[in-house]
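The file coords17.txt comes next; it holds compact mmCIF, C-alpha atoms.
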# COMPACT_ATOMS: atom_id res chain seq x y z
CA MET A 226 -31.00 15.54 -5.01
CA GLN A 227 -28.80 14.58 -2.09
CA TYR A 228 -25.32 15.81 -1.24
CA LEU A 229 -22.27 14.34 0.48
CA GLU A 230 -19.05 16.21 1.26
CA ILE A 231 -15.98 14.15 0.36
CA TYR A 232 -12.22 14.46 0.81
CA PHE A 233 -9.91 12.09 -1.06
CA LYS A 234 -6.58 11.50 0.72
CA ASN A 235 -5.20 9.06 -1.83
CA MET A 236 -5.91 7.31 -5.11
CA GLU A 237 -7.24 4.18 -3.39
CA GLU A 238 -10.02 6.22 -1.76
CA MET A 239 -10.92 7.63 -5.16
CA VAL A 240 -11.10 4.19 -6.77
CA ASP A 241 -13.18 2.86 -3.85
CA PHE A 242 -15.59 5.78 -4.16
CA VAL A 243 -16.07 5.14 -7.90
CA ARG A 244 -16.83 1.48 -7.14
CA ARG A 245 -19.46 2.53 -4.59
CA ALA A 246 -20.91 5.13 -6.97
CA ASN A 247 -21.39 2.41 -9.57
CA THR A 248 -23.64 0.48 -7.17
CA VAL A 249 -26.13 3.37 -7.19
CA GLU A 250 -28.77 3.26 -9.92
CA ALA A 251 -29.19 7.02 -10.01
CA ASP A 252 -26.72 9.43 -11.59
CA VAL A 253 -23.92 10.54 -9.28
CA ASP A 254 -21.70 13.55 -9.99
CA LEU A 255 -18.70 15.00 -8.21
CA GLN A 256 -18.39 18.75 -7.97
CA PHE A 257 -14.91 20.24 -7.50
CA GLY A 258 -15.49 23.97 -7.27
CA HIS A 259 -16.99 24.88 -10.63
CA ILE A 260 -15.98 21.56 -12.27
CA LEU A 261 -18.51 18.72 -12.45
CA VAL A 262 -17.54 15.14 -13.36
CA ASP A 263 -19.40 11.84 -13.56
CA ALA A 264 -18.64 10.07 -10.25
CA LYS A 265 -19.01 6.70 -11.97
CA SER A 266 -16.10 7.51 -14.29
CA ILE A 267 -12.72 6.47 -12.88
CA GLN A 268 -10.96 8.62 -15.46
CA GLY A 269 -12.96 11.72 -14.56
CA VAL A 270 -12.50 11.29 -10.81
CA LEU A 271 -8.77 10.52 -11.00
CA ALA A 272 -8.24 13.55 -13.24
CA MET A 273 -9.20 15.75 -10.28
CA GLY A 274 -6.28 14.46 -8.20
CA CYS A 275 -5.88 13.58 -4.53
CA GLY A 276 -6.21 16.06 -1.72
CA CYS A 277 -9.41 17.50 -3.14
CA HIS A 278 -12.52 18.52 -1.28
CA ALA A 279 -15.55 17.62 -3.37
CA LYS A 280 -19.29 17.38 -3.14
CA ALA A 281 -21.05 14.24 -4.36
CA VAL A 282 -24.40 15.00 -5.94
CA VAL A 283 -26.79 12.03 -6.01
CA HIS A 284 -29.70 12.56 -8.39
CA SER A 285 -32.14 10.55 -6.27
CA GLN A 286 -34.33 10.99 -3.22
CA ASN A 287 -33.70 7.42 -2.05
CA PRO A 288 -31.70 7.57 1.24
CA GLU A 289 -30.23 4.13 0.51
CA ASP A 290 -28.33 5.59 -2.44
CA LEU A 291 -26.55 8.06 -0.17
CA GLU A 292 -25.78 5.29 2.35
CA ARG A 293 -24.13 3.22 -0.40
CA LEU A 294 -21.76 6.10 -1.08
CA LYS A 295 -20.91 6.46 2.61
CA ALA A 296 -20.23 2.75 3.16
CA LYS A 297 -16.56 1.78 3.24
CA ALA A 298 -15.56 -1.60 1.88

Let me see the file written as structure tokens.
Amino acid sequence: MQYLEIYFKNMEEMVDFVRRANTVEADVDLQFGHILVDAKSIQGVLAMGCGCHAKAVVHSQNPEDLERLKAKA
């Protein structure tokens, strides 16, 4: 597994992150404290709200998967 710390300032950043997460073949989750949601689910991510610190959990050892999440469109 690989991890990436994330902070969403607005809804557009959240939508962009979900788009990037959907380009990764492996499962990607977002952890908000003790809550875990599917990072490929726009509904799950938006339910957490803006202004959240989160940790992306990529269920892969491929470094390219983590780079896809970091890339900004």

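Using all atoms listed in the file, the residues found no farther than 7 Å from Leu229 (chain A), other than those of its own chain fewer than 3 positions away, are Lys280, Ala281 and Val282 of chain A.
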
Exercise for the section: Select, from A:Ile267, A:Val283, A:His278, A:Arg244, the residue with the minimum atom-to-atom distance to Tyr232 (chain A), counting all atoms listed in the file. Expected result: A:His278

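CA of Met226 (chain A) lies 19.3 Å from CA of Ser266 (chain A).
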
Fill in the blank from the handout: Residue with the minimum atom-to-atom distance to Gly269 (chain A), picked from A:Gln286, A:Asp252, A:Met239, A:Ile231 with all atoms listed in the file counted, is A:Met239

Practice task
Rank nothing, just name the residue among A:Val240, A:Ala279, A:Ala296, A:Val249 nearest to Leu261 (chain A), using all atoms listed in the file.
Solution key: A:Ala279

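With distances restricted to all atoms listed in the file, A:Asn247 is the closest residue to Asp263 (chain A) from A:Glu238, A:Asp290, A:Asn247, A:Cys275.
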
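Between CA of Asp241 (chain A) and CA of Val262 (chain A) the separation is 16.1 Å.
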
Leaving out Gly276 (chain A) and any residue of its chain fewer than 5 positions from it, which residues lie within 9 Å of it when counting only C-alpha atoms, given as a PDB file with C-alpha atoms, in the frame of the given file?
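Okay, this is what ended up in around-v6.pdb:
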ATOM      1  CA  TYR A 232     -12.220  14.460   0.810  1.00  0.00           C
ATOM      2  CA  PHE A 233      -9.910  12.090  -1.060  1.00  0.00           C
ATOM      3  CA  LYS A 234      -6.580  11.500   0.720  1.00  0.00           C
ATOM      4  CA  ASN A 235      -5.200   9.060  -1.830  1.00  0.00           C
TER       5      ASN A 235
END

Practice task
Name the closest residue to Ala272 (chain A) among the candidates A:Leu255, A:His284, A:Ala246, A:Glu292; distances are taken between atoms, counting only C-alpha atoms.
Solution key: A:Leu255

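When only C-alpha atoms are used to measure the gap to Gln227 (chain A), the shortest distance among A:Ser285, A:Gln256, A:Gln268, A:Thr248 belongs to A:Ser285.
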
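Between CA of Leu294 (chain A) and CA of Arg245 (chain A) lies a distance of 5.5 Å.
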